[in-house]
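> Starting off with a structure, shown below.
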Amino acid sequence: MTTMETKTTTRTERSLDRNRRHGAPSRNRRTRLFLHEASRLLRTAGPIVVSQLGVVGMNTVDTMMVGPLGATPLAAAAFSGAVHNTVLWICTGVVMGMIPLVSQAFGAGDRERCRHVLVQGIWLSFVLSIPLIWSSVEGEAIARGLGQEQGVAVLAGGYLWTMAFGSLPMILFMVFRQYLEGMGITRPAMVITLLGLGINIVANRVLIYGVEGWIPAMGVVGSGWATTLVRWSMFAAILAYLVRHPELRPFAGVRWRPDARLLERIVRIGTPIGAQLGLEVGLFAFGSVMMGWFGAVELAAHQITINIAATTFMVALGVSTAGSIHVGQHIGAGRRRGVHRAVIACYLLAVGFMGLCALAFLVAPERLIGLYTSDPALIELGTTLLAFAAAFQIFDGGQVAGIFVLRGAADTKVPAAIAALGYWGIGFTTAYLLGFHTPLGPRGVWSGLALALAVVAVLLAFRVRRILWLSPLRRAEAEPQVPA
């Protein structure tokens, strides 16, 4: 949210307060305030949603362009993405500890504090890139250790090795993105992500299939090199944006040495976020591993279906990210009712959209799967799995809205514990038992995933009520998290 939008919001709320004093109906005032909050949230969310769709669009491009190579290369790409993205989301989750600190400082009018958080995030990114690089270099050994077929393991190893070179720029890009989005500046990341999507399309085509007489065809490994090229391009673009916009002054007056106290605060908030993301992404990643135990066809069908579900989820994720920003800014400014309006708007938009997507999954499953492949076996199994994806769409919207509005309040530890219980204590156990000890097979694995999301969504809703309705609001800088 820009300074101009902040002033506009303040004027609107003051105007509505005057209307109330002069006899305007209380219900009408609340409705107008809520609609104003929802429209602001949508304006913040729009570019974030496009950015998230751009990210999943890159994965979609990778899947579609690797698909014609056959089931084994597609399975290798699916496994590689599952491993790499699990570690990446854990690392970027820690970086997301910046968001409540930046948004609350911005809401309180402290731009210097925003810049200080950015610098500490940069220091943190160098440390966080180490496990991401290691997991990429050891890709083939990880694939073999997790029981993947030999052909899949070899291709996955080559694919992941190329991803190591893009690990640091990706985390640095996320650091700069948290800084901008925490202040409500969401358009730059959107434009840069769309630029990255365009580069990814061209680079995939050139590096996977080659250019006769110029560039040899690299197959699935070429897709990994394309991703690395995109990540360096996006990092360079966002850095150039900050340098070319002096009004943001990201490094003005800041000290570059590490601030142990602030680093500890970012890590304390961000580590549970990383753990929660790791638990969630890890469950779906291990779902890919389990599907690989059935065979390459099952894993390929799973990859296509999960890509479709991830596409719709990006919209709910973007809305929820905006909700987190608005909750943080309202807390920084001391607006309790503003927090309530932001939470309700976030839930309505995220869950409502996912409900519409569930309907689309049920109405036209073959058409959606057919966008990725013409293989009859993949279409048949993918269509069945998409019905299970439809079952958890609403719960997926509810859990992402809940977890993000809590992040805006810097409440991350208990949500991580809820994620551990729901995703692994219940979800993984159910998926494994139904998948390998009943005739359901692959359908049983997806039943477990759906149950996990349902449990987490319900428990998070109770946590939201306790923290954001029943407890006093606290700034992340001033107070420790509310205990469980």
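Letters for chains follow the order of the structure tokens (A, B, ...), residue numbers begin at 1 for each chain, and ligand numbers begin at 1 in the order shown.
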Any chance you could tabulate, as a tab-separated table, the residues of range 76-166 of chain A at most 9 Å from range 204-223 of chain A with each one's nearest atom pair and distance in Å to one decimal, using only C-alpha atoms, in chain and rising number order?

```
residue	atom	partner	partner_atom	distance
A:Ala76	CA	A:Val220	CA	8.0
A:Ala77	CA	A:Val220	CA	7.0
A:Leu155	CA	A:Val220	CA	7.2
A:Ala156	CA	A:Val221	CA	8.2
A:Gly157	CA	A:Val221	CA	9.0
A:Gly158	CA	A:Val221	CA	5.9
A:Tyr159	CA	A:Val221	CA	4.5
A:Leu160	CA	A:Val221	CA	8.1
A:Trp161	CA	A:Val221	CA	8.7
A:Thr162	CA	A:Val221	CA	7.3
```
> Excluding same-chain residues fewer than 5 positions from Ile142 in chain A, what lies within 9 Å of it counting only C-alpha atoms, as a PyMOL selection string?
chain A and resi 83+135+147+153+157
> Taking 3 positions as the minimum chain separation for residues in the same chain, which residues sit within 8 Å of range 164-175 of chain A when counting only C-alpha atoms? Answer as a PDB file with N, CA and C atoms, in the first residue's frame.

```
ATOM      1  N   CYS A  91      13.513 -22.561   2.656  1.00  0.00           N
ATOM      2  CA  CYS A  91      14.459 -21.436   2.735  1.00  0.00           C
ATOM      3  C   CYS A  91      13.748 -20.097   2.547  1.00  0.00           C
ATOM      4  N   THR A  92      12.889 -19.997   1.548  1.00  0.00           N
ATOM      5  CA  THR A  92      12.179 -18.732   1.329  1.00  0.00           C
ATOM      6  C   THR A  92      11.157 -18.482   2.433  1.00  0.00           C
ATOM      7  N   VAL A  95      12.847 -16.465   4.939  1.00  0.00           N
ATOM      8  CA  VAL A  95      12.924 -15.092   4.448  1.00  0.00           C
ATOM      9  C   VAL A  95      11.591 -14.366   4.649  1.00  0.00           C
ATOM     10  N   MET A  96      10.484 -15.112   4.568  1.00  0.00           N
ATOM     11  CA  MET A  96       9.165 -14.502   4.744  1.00  0.00           C
ATOM     12  C   MET A  96       8.948 -13.950   6.144  1.00  0.00           C
ATOM     13  N   LEU A 118      15.489  -5.171   5.294  1.00  0.00           N
ATOM     14  CA  LEU A 118      15.947  -5.623   3.983  1.00  0.00           C
ATOM     15  C   LEU A 118      17.409  -6.045   4.020  1.00  0.00           C
ATOM     16  N   GLY A 121      17.883  -9.279   5.638  1.00  0.00           N
ATOM     17  CA  GLY A 121      17.397 -10.350   4.773  1.00  0.00           C
ATOM     18  C   GLY A 121      18.427 -10.750   3.730  1.00  0.00           C
ATOM     19  N   ILE A 122      19.185  -9.774   3.234  1.00  0.00           N
ATOM     20  CA  ILE A 122      20.242 -10.074   2.263  1.00  0.00           C
ATOM     21  C   ILE A 122      21.314 -10.947   2.895  1.00  0.00           C
ATOM     22  N   SER A 125      20.087 -14.487   3.193  1.00  0.00           N
ATOM     23  CA  SER A 125      19.948 -15.244   1.946  1.00  0.00           C
ATOM     24  C   SER A 125      21.203 -16.051   1.617  1.00  0.00           C
ATOM     25  N   PHE A 126      22.385 -15.522   1.961  1.00  0.00           N
ATOM     26  CA  PHE A 126      23.625 -16.252   1.672  1.00  0.00           C
ATOM     27  C   PHE A 126      23.715 -17.536   2.483  1.00  0.00           C
ATOM     28  N   LEU A 128      21.028 -19.200   3.690  1.00  0.00           N
ATOM     29  CA  LEU A 128      19.939 -20.092   3.285  1.00  0.00           C
ATOM     30  C   LEU A 128      20.186 -20.765   1.946  1.00  0.00           C
ATOM     31  N   SER A 129      21.033 -20.187   1.108  1.00  0.00           N
ATOM     32  CA  SER A 129      21.294 -20.792  -0.203  1.00  0.00           C
ATOM     33  C   SER A 129      22.116 -22.079  -0.093  1.00  0.00           C
ATOM     34  N   LEU A 132      20.074 -25.355  -0.151  1.00  0.00           N
ATOM     35  CA  LEU A 132      19.420 -25.480  -1.454  1.00  0.00           C
ATOM     36  C   LEU A 132      20.416 -25.943  -2.509  1.00  0.00           C
ATOM     37  N   ILE A 133      21.632 -25.397  -2.463  1.00  0.00           N
ATOM     38  CA  ILE A 133      22.676 -25.815  -3.403  1.00  0.00           C
ATOM     39  C   ILE A 133      23.058 -27.272  -3.153  1.00  0.00           C
ATOM     40  N   TRP A 134      23.227 -27.627  -1.885  1.00  0.00           N
ATOM     41  CA  TRP A 134      23.632 -29.006  -1.561  1.00  0.00           C
ATOM     42  C   TRP A 134      22.605 -30.024  -2.053  1.00  0.00           C
ATOM     43  N   SER A 136      20.617 -29.804  -4.449  1.00  0.00           N
ATOM     44  CA  SER A 136      20.612 -29.863  -5.911  1.00  0.00           C
ATOM     45  C   SER A 136      21.814 -30.659  -6.429  1.00  0.00           C
ATOM     46  N   VAL A 137      22.969 -30.456  -5.824  1.00  0.00           N
ATOM     47  CA  VAL A 137      24.176 -31.172  -6.251  1.00  0.00           C
ATOM     48  C   VAL A 137      24.039 -32.670  -5.996  1.00  0.00           C
ATOM     49  N   LEU A 160      18.681 -31.541 -11.468  1.00  0.00           N
ATOM     50  CA  LEU A 160      18.886 -30.825 -10.216  1.00  0.00           C
ATOM     51  C   LEU A 160      20.256 -30.158 -10.149  1.00  0.00           C
ATOM     52  N   TRP A 161      21.275 -30.777 -10.729  1.00  0.00           N
ATOM     53  CA  TRP A 161      22.622 -30.192 -10.714  1.00  0.00           C
ATOM     54  C   TRP A 161      22.618 -28.812 -11.360  1.00  0.00           C
ATOM     55  N   GLN A 178       9.972  -9.415  -0.694  1.00  0.00           N
ATOM     56  CA  GLN A 178       9.340  -9.226   0.613  1.00  0.00           C
ATOM     57  C   GLN A 178       9.403  -7.765   1.035  1.00  0.00           C
ATOM     58  N   TYR A 179      10.529  -7.119   0.754  1.00  0.00           N
ATOM     59  CA  TYR A 179      10.692  -5.704   1.107  1.00  0.00           C
ATOM     60  C   TYR A 179       9.658  -4.841   0.393  1.00  0.00           C
ATOM     61  N   THR A 227      15.636 -22.691 -16.224  1.00  0.00           N
ATOM     62  CA  THR A 227      15.196 -22.151 -14.939  1.00  0.00           C
ATOM     63  C   THR A 227      16.285 -21.314 -14.285  1.00  0.00           C
ATOM     64  N   THR A 228      17.523 -21.788 -14.346  1.00  0.00           N
ATOM     65  CA  THR A 228      18.640 -21.038 -13.764  1.00  0.00           C
ATOM     66  C   THR A 228      18.820 -19.696 -14.473  1.00  0.00           C
ATOM     67  N   LEU A 229      18.725 -19.690 -15.797  1.00  0.00           N
ATOM     68  CA  LEU A 229      18.827 -18.438 -16.554  1.00  0.00           C
ATOM     69  C   LEU A 229      17.729 -17.465 -16.149  1.00  0.00           C
ATOM     70  N   ARG A 231      16.142 -17.273 -13.288  1.00  0.00           N
ATOM     71  CA  ARG A 231      16.343 -16.773 -11.924  1.00  0.00           C
ATOM     72  C   ARG A 231      17.377 -15.651 -11.870  1.00  0.00           C
ATOM     73  N   TRP A 232      18.460 -15.795 -12.605  1.00  0.00           N
ATOM     74  CA  TRP A 232      19.444 -14.716 -12.654  1.00  0.00           C
ATOM     75  C   TRP A 232      18.850 -13.466 -13.299  1.00  0.00           C
ATOM     76  N   MET A 234      15.663 -12.525 -13.288  1.00  0.00           N
ATOM     77  CA  MET A 234      14.705 -11.897 -12.382  1.00  0.00           C
ATOM     78  C   MET A 234      15.412 -11.156 -11.248  1.00  0.00           C
ATOM     79  N   PHE A 235      16.478 -11.735 -10.726  1.00  0.00           N
ATOM     80  CA  PHE A 235      17.230 -11.051  -9.671  1.00  0.00           C
ATOM     81  C   PHE A 235      17.841  -9.752 -10.196  1.00  0.00           C
ATOM     82  N   ILE A 238      14.982  -7.034 -10.594  1.00  0.00           N
ATOM     83  CA  ILE A 238      14.449  -6.398  -9.389  1.00  0.00           C
ATOM     84  C   ILE A 238      15.499  -5.506  -8.732  1.00  0.00           C
TER      85      ILE A 238
END
```
> Calculated over only C-alpha atoms, which of the candidates A:Val405, A:Leu262, A:Val414, A:Leu385 has the smallest distance to His302 in chain A?
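Selected residue with least distance to His302 in chain A: A:Leu385.
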> Tell me which of A:Pro439, A:Gly67, A:Pro272, A:Gly182 sits closest to Val117 in chain A, counting only C-alpha atoms.
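Among the listed residues, A:Gly182 lies closest to Val117 in chain A.
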> Could you state the separation of CA of Thr305 in chain A and CA of Pro73 in chain A in Å, given to one decimal place?
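Separating CA of Thr305 in chain A from CA of Pro73 in chain A is a distance of 16.7 Å.
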> Of the candidates A:Ala237, A:Gly332, A:Leu433, A:Val327, which shows the shortest atom-to-atom distance to Ala105 in chain A, using only C-alpha atoms?
A:Gly332
> Counting only C-alpha atoms, figure out which residue out of A:Val61, A:Leu33, A:Met290, A:Ala364 gets nearest to Val202 in chain A.
A:Val61
> Taking 6 positions as the minimum chain separation for residues in the same chain, which residues sit within 12 Å of Ala389 in chain A when counting only C-alpha atoms? Answer as a VMD selection string.
chain A and resid 302 304 to 313 354 to 355 357 to 362 365 382 to 383 395 to 396 443 445 to 451 453
> Kindly give the distance, in Å, that separates CA of Gln148 in chain A and CA of Leu279 in chain A, rounded to a single decimal.
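So the two atoms, CA of Gln148 in chain A and CA of Leu279 in chain A, lie 21.1 Å apart.
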> Quick one: everything within 8 Å of Ala275 in chain A, counting only C-alpha atoms, minus sequence neighbours fewer than 4 positions away in the same chain. Send it as a PyMOL selection string.
chain A and resi 90+93+271+279+416
